[in-house]
Amino acid sequence: MTRECALLLPRVCAALADPRQPGSDDTCLEKLLDWFRSLTAFDPTVKLLQDNPCLTEFITAILALPEPSPSILSFTLRLAGILAASENRFQHLQQEKLLVRLFGRDGPLNSAVWEDASVRSGWVEGVHSMMHHQPALHFLCDGGGIDAIFTLQGDPSLFVASAASQLLVHMLTFSVESETTKPLSTKDCDWPACAQMIIKHIEDSLQSSSASHIEQSLKLLTSLFGNCHATWTEVLWLGISKQIESFLTEETVQAQHMLANLLLKMAWSPVFCDTEGSFWALVTSALEHLTPMQAGPLAVGILRLYKCPQDVRIQALTVLLQPMDCILRAASQPLEYAGLLDESVSDPITVESLLSSKSSCASLLCQTLAHLEELLSLIHLPVDLPYTSLLRSLMTILQFCNGFLSPASPLGSTISQILINCFRVQRSALDVLAALSERKGCDTLMGSLFDVLLAYLESPNTSPTVLKKTFQATSKWLVRLQELSCSNNQWQQTEKILEDVFLVLQKHLCSPCWEVRDSSLEFLTVLIECLRDQDEFRQSLLSSEVPRLTENLLEDPESYVRASAVTAVGHLAFITCFAPESPVTGNQYNKENTVAKLQEILSTDSEGFPRRAVISIFTKWLRQGCTGQLEDTEQFVSRVIQTVEHDLDWEVRLGGLELVEVFCSQAICQLGLPKCPHAPVSSAVTSSIHQNESLQILCRAKLFSFLFRSLCDCDKPVGQRACDILLGLRGDFCPISTLKDSQGTGDSPAGHGIAWLQRTLRQGSLAQNFPTDGGNGVDFQNPESMMLALCTVDLEELHDELNKSSDHVEKSPQSLLQDILATVGTIEENEADCY
Amino acid sequence: LSFFRLGPGAGQDVGRSCILVSIAGKNVMLDCGMHMGYNDDRRFPDFSYITQNGRLTDFLDCVIISHFHLDHCGALPYFSEMVGYDGPIYMTHPTKAICPILLEDYRKITVDKKGETNFFTSQMIKDCMKKVVAVHLHQTVQVDEELEIKAYYAGHVLGAAMFQIKAGCESVVYTGDYNMTPDRHLGAAWIDKCRPDLLISESTYATTIRDSKRCRERDFLKKVHETVERGGKVLIPVFALGRAQELCILLETFWERMNLKAPIYFSTGLTEKANHYYKLFITWTNQKIRKTFVQRNMFEFKHIKAFDRAFADNPGPMVVFATPGMLHAGQSLQIFRKWAGNEKNMVIMPGYCVQGTVGHKILSGQRKLEMEGRQILEVKMQVEYMSFSAHADAKGIMQLIRQAEPRNVLLVHGEAKKMEFLKQKIEQEFHVNCYMPANGETTTIFTNPSIPVDISLGLLKRETAIGLLPDVKKPKLMHGTLIMKDNSFRLVSPEQALKELGLAEHQLRFTCRVHIQDPRKEHETVLRVYNHLKGVLKDYSVQHLPDGSITVESILIQATAHSEDQGTKVLLVSWTYQDEELGSYLTSLLKKGLPQGTS
């Protein structure tokens with residue numbers, strides 16, 4: 001703790017304890033606790049309490065108040081807990097009898113303030129904080145506090161209830177791990193006293209007839225098995241497993257969804273997943289007995305496991321695939337069914353009835369689809385999924401949803417009636433479809449898949465959110481299609497599909513709905529990114545109206561759309577302007593035109609998004625070497641910089657710096673500094689000549705004025721980036737021996753200039769207008785002057801300064817204490833007026 | 001119906017709004033706000049409390065955002081793009097247009113501050129906005145077959161709305177923030193007498209009866225004018241949208257009227273977009289603005305110009321609106337540092353500032369501020385706080401309750417002590433239950449639902465044909481079979497029910513023995529009974545069947561002699577449950593014995 005803080009703390013404590021004061025802002029108290037947490041985390045001694053007696057005095061003062069405000073009492077409980085987290089400080093506070101009065105029977109626990117949720121919450125948090133040593137454990141168990149925690153598990157406030165449950169888990173773990181010396185077994189019941197109390201409570205609750213008690217215990221166990229993977233958890237489990245097993249079969253107990261959670265947590269624990277037999281038998285039984293909705297999360301969790309008996313895995317897979325199988329069966333003629341599941345393992349009656357009910361059909365499908373997506377997103381899938389049938393089933397669902405399929409079977413017709421226009425299911429199915437594109441083995445259905453996708457893209461009934469997902473799935477499958485046609489020469493099919501896609505894209509680019517126009521442009525960009533090397537793709541794209549419509553959208557009224565249009569046009573340029581053998585040439589796709597258009601947007605668009613998009617496209621072009629020879633590039637960069645350096649949006653200025661950084665490294669690389677691995681020349685003799693040349697280029701492009709000015713930018717990230725770039729340049733241009741300290745610049749005019757520059761930079765964002773015309777003796781276009789600046793200016797110091805967050809002073813503990821003191825008495829009036 | 005509110009800690013807090021309502025099996029999240037006082041995870045609600053089982057997208061039926069202030073929508077991109085909610089989001093058209101500007105503005109400031117983690121990006125804001133379904137005022141939007149929502153005008157800020165949520169026969173109204181008195185550019189909140197089961201109302205100014213806004217405006221203009229007159233500069237830190245526009249209108253009109261020449265600037269270039277939306281959504285503003293719109297658009301400012309960084313050093317008076325509003329980063333802070341040392345200058349804070357910002361410091365009266373690099377900035381300029389926020393005061397809240405006539409009221413977005421006072425007042429005046437749960441607390445409210453039941457025409461005709469003519473004032477009892485299937489209730493005739501459900505009919509008959517002292521032969525007793533009944537039950541069809549039994553509607557009566565006592569006859573009466581009433585009546589009639597002289 002700094003001296004300043006130590007001086008302020010007694011006054012803050014006095015102010016907080018003063019009942020006449022209106023009470024501090026909750027966030028202030030929270031942050032004060034954060035500070036105490038950081039102060040005590042690595043120091044177990046009583047020094048903090050001895051040096052600051054005001055802390056114990058504060059607690060005493062609060063305890064003496066006849067009616068403390070709930071918020072300050074809650075704060076006191078939490079503070080006391082944090083302080084008592086070390087045994088030394090715990091004893092210190094005990095000597096003063098403070099902890100008993102705060103956490104014991106005669107404390108808030110049995111007074112009227114206990115009615116207030118914030119007091120109960122503070123009490124639980126306080127106890128949790130101190131529970132790091134045995135004296136605290138005994139203090140609580142002997143003092144009867146543990147019964148209060150048991151009760152709080154059922155608190156009306158979810159926050160308190162959940163905190164109480166977490167606290168019990170922590171206490172149980174801590175008690176067993178700190179108090180037992182020999183391994184535990186079920187027979188001799190040699191649990192430590194505190195653990196015994198908690199275990200007895202769990203057992204009693206599980207046997208009680210109260211659903212809420214059972215639920216609380218299951219929650220506690222779930223959290224315990226999820227967090228603690230010690231072997232003793234198995235001993236605990238053996239004592240209660242029979243009881244828990246009975247919940248699966250007893251209809252009277254409504255705790256099935258909690259059971260699934262519990263078993264899942266256990267399956268992930270090495271203690272249980274390695275066991276033979278009984279645990280996995282229970283899991284299998286759960287997968288059988290629970291409803292498909294309840295069993296789904298358990299099934300998908302099991303399928304993610306690498307260590308799991310094969311039969312359990314198959315059972316889990318059956319649960320997961322059953323709805324998809326049912327869909328397939330509902331849609332097919334009796335004899336043609338080629339389902340997902342072996343008919344011998346599937347018992348479809350429950351699933352069929354769920355799918356044919358309006359209230360459960362969509363929920364079951366959405367859950368199943370989400371689980372499938374989760375599985376498919378894993379890189380290494382521990383099970384093999386029947387991808388082709390899965391794809392067929394997905395297509396069927398999508399066709400049910402848009403009314404393109406209404407099967408004759410009663411089940412099929414019921415499901416299709418329920419699903420028609422169901423956006424939820426459409427979105428989920430399209431997500432899975434996109435994920436499925438990464439998996440091999442679905443190629444035979446490619447034609448019909450695109451029929452389904454195109455139907456969605458073409459339909460006016462498709463909602464914008466569904467359309468977006470359709471675009472995502474389509475782009476992924478188009479990439480797949482392209483790979484496929486490369487290998488089997490099925491160009492015709494691909495060409496036809498691409499043609500259709502661009503036709504429908506044309507339509508969407510003209511949609512009245514900005515969301516649709518924007519998603520269409522994003523889709524186009526993704527396609528170009530992935531497929532721009534494919535001839536068929538380029539030809540189909542350029543022979544469509546898409547490029548022209550995209551350019552039109554550069555003038556869209558919606559700024560989001562303009563920005564996406566900029567990105568799309570930027571990518572189109574890779575095909576139209578920058579491709580080595582452009583398929584179409586002529587004025588239509590003139591490089592200069594495109595650059596000029598984007599430049600225009602950069603300098604005139606009233607909104608940040610399009611301008612940011614332009615600068616990032618320019619950087620992308622530069623990175624890919626599309627801006628021509630070094631000289632052209634120099635002019636290009638120089639022009640762009642002059643446009644962005646006065647931009648009102650700091651992210652555009654930051655983008656400008658990124659462009660500069662790429663240019664600098666390219667210039668240096670092309671002219672061959674020894675550092676550059678791709679340098680054409682690397683002899684030590686020539687390096688200084690080239691060095692001079694590249695410095696000249698950077699000066700000519702007016703980069704230095706931009707970089708130095710940026711150091712004084714009022715937005716920190718800009719200054720920071722500029723500083724990083726300058727440090728990099730210094731590393732390139734100034735050998736360590738040439739680095740000068742700032743005093744060493746001498747009396748030369750250049751020296752005066754540098755001194756001025758140093759002073760200005762020190763003022764940071766407060767600097768008056770930053771002249772870059774050389775008026776102050778610094779010529780930003782003179783290589784020598786810049787070399788001197790690079791070698792002299794203390795960039796490290798600036799770097800450290802800029803790296804601090806802009807509100808680091810306001811966030812400091814001292815500032816917090818000052819704020820609390822200053823607000824005393826004045827806050828009342830302003831506080832309520834949040835907006 | 002249950003209600004649950006997410007927030008930091010377990011107390012009431014003005015910080016951020018996020019409410020979960022479960023109504024008739026539907027789960028709706030109301031607002032998704034952030035707390036600007038924190039820069040870690042605590043700034044967003046902890047969504048893991050919403051459901052521990054399954055995905056949020058499956059659990060929630062929709063999310064509704066009441067207005068564009070960040071304590072009501074600031075966590076939305078985090079919720080939809082980072083936590084992974086993928087379902088529908090509803091807000092009004094102006095909110096959908098303006099919300100991303102504020103989110104973007106705040107994102108920029110947050111990233112600018114550095115060291116901030118776990119924050120959403122521009123792309124996420126856009127993707128989130130694409131999921132939003134915009135609604136019109138008073139348009140009933142069907143979220144799904146059972147859930148519908150409807151927006152009402154709330155005043156407060158442009159596009160702010162109260163939402164009515166209806167599922168089954170239950171309904172809730174959530175007010176968001178609202179204002180019951182019109183101000184310079186917005187109208188007053190209004191709702192029809194929708195009698196919801198629950199009204200969830202904000203209660204920011206639960207105990208205050210606010211002074212007139214006119215006074216505050218006059219005060220504001222006076223202070224700005226005085227400062228400019230003596231050659232000082234006025235800094236007004238604002239967030240890009242909302243209050244800024246109101247103050248702009250105020251100054252613009254004043255400048256015009258007083259013919260003032262000092263320049264007014266608005267920083268960051270956001271005005272254009274903001275003003276564009278105010279023009280676009282002119283119907284959401286108040287009548288006065290709409291009326292004058294024809295002659296002159298209030299939002300086309302003659303005197304207010306875009307600000308350039310270099311202007312801050314210009315000599316002479318000026319007024320500058322700069323972002324961000326709490327002086328915690330960027331341009332407003334930079335200008336403040338330049339101008340703070342001159343006592344001729346003034347800074348006007350038009351809104352609340354969280355702890356940890358320079359705005360908070362100067363509002364709490366601190367005049368020597370430590371700046372970066374251990375510099376001390378002495379604040380000599382005048383510091384003024386002026387609240388222009390538009391919330392309903394106690395009177396307004398009562399007025400809204402009177403308008404909507406809810407069956408229960410729940411207060412949020414206020415301080416516990418002040419809410420307690422209002423709660424008592426509401427309970428006294430309206431005789432309804434009023435709740436004020438703490439954050440994290442669930443309140444369950446029981447409703448008496450009136451469940452609509454469809455009745456088949458055939459049954460209706462048949463039932464009305466029986467008995468008296470229908471009378472609107474008297475409720476009539478109908479007999480039929482209630483079929484509950486697929487969340488619908490239908491009353492049909494038993495025959496139709498059997499047919500629909502494919503069930504066979506079982507007859508349930510009640511039987512009863514009545515002993516009668518009558519020495520005559522059995523068939524004579526029967527005849528006496530027949531004549532007696534025929535005389536008493538004139539409106540019913542009483543028949544004497546060839547087999548010697550009597551029927552009255554479905555009731556069957558047979559007589560046998562007592563096995564031990566021939567002078568006693570046993571009447572066996574049996575009836576179906578439909579004729580339960582008649583059956584009981586008949587038995588009691590026969591128990592009284594036969595009148596003398598019936599033969």
# chains A, B, ... in the order shown; residues from 1 in each chain; ligands from 1
$ residues_around --residues "stretch 373-379 of chain B" --least-positions-apart "3" --cutoff "6 Å" --atoms "only C-alpha atoms" --output "compact mmCIF listing (two decimals) with N, CA, C and O atoms, in the first residue's frame"
# COMPACT_ATOMS: atom_id res chain seq x y z
N ALA B 340 -9.12 23.45 -18.82
CA ALA B 340 -9.45 23.38 -17.39
C ALA B 340 -8.82 24.51 -16.58
O ALA B 340 -9.38 24.96 -15.58
N GLY B 341 -7.64 24.97 -17.00
CA GLY B 341 -6.91 25.92 -16.19
C GLY B 341 -7.46 27.35 -16.22
O GLY B 341 -7.01 28.20 -15.45
N ARG B 367 -10.84 19.35 -7.38
CA ARG B 367 -10.33 20.43 -8.24
C ARG B 367 -8.86 20.27 -8.59
O ARG B 367 -8.33 21.00 -9.42
N LYS B 368 -8.17 19.36 -7.90
CA LYS B 368 -6.78 19.10 -8.28
C LYS B 368 -6.70 17.66 -8.74
O LYS B 368 -6.81 16.74 -7.93
N LEU B 369 -6.54 17.47 -10.03
CA LEU B 369 -6.58 16.11 -10.56
C LEU B 369 -5.19 15.65 -10.96
O LEU B 369 -4.46 16.39 -11.61
N GLU B 370 -4.89 14.42 -10.56
CA GLU B 370 -3.62 13.87 -11.02
C GLU B 370 -3.84 13.35 -12.43
O GLU B 370 -4.82 12.69 -12.73
$ select_by_dssp --residues "stretch 170-379 of chain B" --states "strand (DSSP E or B)" --output "PyMOL selection string"
chain B and resi 170-174+198-202+205+233-237+264-266+304-306+318-322+346-349+368-370+376-378
$ residues_around --residues "stretch 635-644 of chain A" --least-positions-apart "5" --cutoff "6 Å" --atoms "only C-alpha atoms" --output "ChimeraX atom specification"
/A:603,653,701
$ closest_residue --among "A:Ser409, A:Thr180, A:Ser416, A:Gln720" --to "chain B" --atoms "only C-alpha atoms"
A:Gln720
$ closest_residue --among "A:Asn803, A:Thr633, A:Asn590, A:Ser38" --to "A:Asp715" --atoms "only C-alpha atoms"
A:Asn803
$ decode --residues "stretch 230-245 of chain B" --atoms "all heavy atoms" --output "mmCIF file, in the first residue's frame"
data_model
loop_
_atom_site.group_PDB
_atom_site.id
_atom_site.type_symbol
_atom_site.label_atom_id
_atom_site.label_comp_id
_atom_site.auth_asym_id
_atom_site.auth_seq_id
_atom_site.Cartn_x
_atom_site.Cartn_y
_atom_site.Cartn_z
ATOM 1 N N ARG B 230 -18.511 36.469 -21.681
ATOM 2 C CA ARG B 230 -17.265 36.971 -21.085
ATOM 3 C C ARG B 230 -16.047 36.359 -21.784
ATOM 4 O O ARG B 230 -14.930 36.382 -21.277
ATOM 5 C CB ARG B 230 -17.231 36.717 -19.584
ATOM 6 C CG ARG B 230 -17.238 35.271 -19.172
ATOM 7 C CD ARG B 230 -16.887 35.062 -17.708
ATOM 8 N NE ARG B 230 -16.934 33.647 -17.448
ATOM 9 C CZ ARG B 230 -17.944 33.025 -16.875
ATOM 10 N NH1 ARG B 230 -18.996 33.689 -16.481
ATOM 11 N NH2 ARG B 230 -17.897 31.709 -16.699
ATOM 12 N N GLY B 231 -16.264 35.768 -22.940
ATOM 13 C CA GLY B 231 -15.164 35.276 -23.769
ATOM 14 C C GLY B 231 -14.666 33.894 -23.411
ATOM 15 O O GLY B 231 -13.611 33.472 -23.865
ATOM 16 N N GLY B 232 -15.422 33.192 -22.581
ATOM 17 C CA GLY B 232 -14.989 31.849 -22.173
ATOM 18 C C GLY B 232 -15.435 30.774 -23.147
ATOM 19 O O GLY B 232 -16.222 31.013 -24.059
ATOM 20 N N LYS B 233 -14.902 29.578 -22.931
ATOM 21 C CA LYS B 233 -15.249 28.438 -23.775
ATOM 22 C C LYS B 233 -16.097 27.461 -22.954
ATOM 23 O O LYS B 233 -15.832 27.251 -21.772
ATOM 24 C CB LYS B 233 -13.978 27.727 -24.251
ATOM 25 C CG LYS B 233 -13.078 28.583 -25.130
ATOM 26 C CD LYS B 233 -11.816 27.816 -25.469
ATOM 27 C CE LYS B 233 -11.038 28.443 -26.594
ATOM 28 N NZ LYS B 233 -10.477 29.786 -26.293
ATOM 29 N N VAL B 234 -17.084 26.878 -23.613
ATOM 30 C CA VAL B 234 -17.950 25.930 -22.909
ATOM 31 C C VAL B 234 -17.763 24.532 -23.498
ATOM 32 O O VAL B 234 -17.890 24.343 -24.709
ATOM 33 C CB VAL B 234 -19.438 26.325 -23.033
ATOM 34 C CG1 VAL B 234 -20.315 25.334 -22.263
ATOM 35 C CG2 VAL B 234 -19.660 27.728 -22.532
ATOM 36 N N LEU B 235 -17.441 23.582 -22.637
ATOM 37 C CA LEU B 235 -17.315 22.185 -23.084
ATOM 38 C C LEU B 235 -18.508 21.403 -22.549
ATOM 39 O O LEU B 235 -18.816 21.465 -21.357
ATOM 40 C CB LEU B 235 -16.010 21.591 -22.533
ATOM 41 C CG LEU B 235 -15.834 20.077 -22.699
ATOM 42 C CD1 LEU B 235 -15.727 19.684 -24.160
ATOM 43 C CD2 LEU B 235 -14.588 19.599 -21.946
ATOM 44 N N ILE B 236 -19.183 20.686 -23.453
ATOM 45 C CA ILE B 236 -20.301 19.840 -23.023
ATOM 46 C C ILE B 236 -20.007 18.390 -23.446
ATOM 47 O O ILE B 236 -20.191 18.032 -24.608
ATOM 48 C CB ILE B 236 -21.639 20.308 -23.638
ATOM 49 C CG1 ILE B 236 -21.816 21.803 -23.389
ATOM 50 C CG2 ILE B 236 -22.810 19.518 -23.057
ATOM 51 C CD1 ILE B 236 -23.009 22.406 -24.107
ATOM 52 N N PRO B 237 -19.500 17.584 -22.522
ATOM 53 C CA PRO B 237 -19.218 16.185 -22.890
ATOM 54 C C PRO B 237 -20.523 15.405 -23.015
ATOM 55 O O PRO B 237 -21.369 15.457 -22.138
ATOM 56 C CB PRO B 237 -18.408 15.655 -21.702
ATOM 57 C CG PRO B 237 -18.040 16.862 -20.903
ATOM 58 C CD PRO B 237 -19.109 17.863 -21.145
ATOM 59 N N VAL B 238 -20.683 14.716 -24.129
ATOM 60 C CA VAL B 238 -21.925 13.986 -24.377
ATOM 61 C C VAL B 238 -21.613 12.630 -24.998
ATOM 62 O O VAL B 238 -20.515 12.400 -25.495
ATOM 63 C CB VAL B 238 -22.835 14.725 -25.390
ATOM 64 C CG1 VAL B 238 -23.491 15.931 -24.770
ATOM 65 C CG2 VAL B 238 -22.060 15.114 -26.636
ATOM 66 N N PHE B 239 -22.602 11.740 -24.958
ATOM 67 C CA PHE B 239 -22.521 10.553 -25.793
ATOM 68 C C PHE B 239 -23.146 10.933 -27.126
ATOM 69 O O PHE B 239 -23.967 11.844 -27.190
ATOM 70 C CB PHE B 239 -23.194 9.366 -25.127
ATOM 71 C CG PHE B 239 -22.349 8.784 -24.059
ATOM 72 C CD1 PHE B 239 -22.582 9.088 -22.725
ATOM 73 C CD2 PHE B 239 -21.264 8.003 -24.380
ATOM 74 C CE1 PHE B 239 -21.748 8.581 -21.738
ATOM 75 C CE2 PHE B 239 -20.430 7.485 -23.406
ATOM 76 C CZ PHE B 239 -20.679 7.778 -22.079
ATOM 77 N N ALA B 240 -22.768 10.235 -28.172
ATOM 78 C CA ALA B 240 -23.077 10.700 -29.527
ATOM 79 C C ALA B 240 -24.538 11.011 -29.759
ATOM 80 O O ALA B 240 -24.878 11.869 -30.550
ATOM 81 C CB ALA B 240 -22.608 9.665 -30.533
ATOM 82 N N LEU B 241 -25.394 10.311 -29.069
ATOM 83 C CA LEU B 241 -26.796 10.437 -29.412
ATOM 84 C C LEU B 241 -27.675 10.523 -28.190
ATOM 85 O O LEU B 241 -27.357 9.977 -27.159
ATOM 86 C CB LEU B 241 -27.206 9.201 -30.194
ATOM 87 C CG LEU B 241 -27.366 9.464 -31.664
ATOM 88 C CD1 LEU B 241 -27.005 8.261 -32.445
ATOM 89 C CD2 LEU B 241 -28.792 9.866 -31.920
ATOM 90 N N GLY B 242 -28.783 11.196 -28.347
ATOM 91 C CA GLY B 242 -29.738 11.258 -27.262
ATOM 92 C C GLY B 242 -29.789 12.659 -26.714
ATOM 93 O O GLY B 242 -30.281 13.580 -27.358
ATOM 94 N N ARG B 243 -29.197 12.813 -25.521
ATOM 95 C CA ARG B 243 -29.220 14.110 -24.872
ATOM 96 C C ARG B 243 -28.589 15.167 -25.772
ATOM 97 O O ARG B 243 -29.023 16.296 -25.834
ATOM 98 C CB ARG B 243 -28.443 14.011 -23.559
ATOM 99 C CG ARG B 243 -28.635 15.166 -22.698
ATOM 100 C CD ARG B 243 -29.259 14.822 -21.353
ATOM 101 N NE ARG B 243 -29.701 13.461 -21.216
ATOM 102 C CZ ARG B 243 -29.198 12.625 -20.317
ATOM 103 N NH1 ARG B 243 -28.232 12.993 -19.544
ATOM 104 N NH2 ARG B 243 -29.696 11.415 -20.210
ATOM 105 N N ALA B 244 -27.527 14.768 -26.483
ATOM 106 C CA ALA B 244 -26.805 15.710 -27.324
ATOM 107 C C ALA B 244 -27.749 16.427 -28.286
ATOM 108 O O ALA B 244 -27.680 17.645 -28.443
ATOM 109 C CB ALA B 244 -25.732 14.962 -28.106
ATOM 110 N N GLN B 245 -28.648 15.679 -28.910
ATOM 111 C CA GLN B 245 -29.553 16.288 -29.895
ATOM 112 C C GLN B 245 -30.499 17.275 -29.233
ATOM 113 O O GLN B 245 -30.787 18.333 -29.765
ATOM 114 C CB GLN B 245 -30.364 15.211 -30.625
ATOM 115 C CG GLN B 245 -29.627 14.551 -31.764
ATOM 116 C CD GLN B 245 -28.354 13.876 -31.334
ATOM 117 O OE1 GLN B 245 -28.305 13.205 -30.306
ATOM 118 N NE2 GLN B 245 -27.294 14.046 -32.105
#
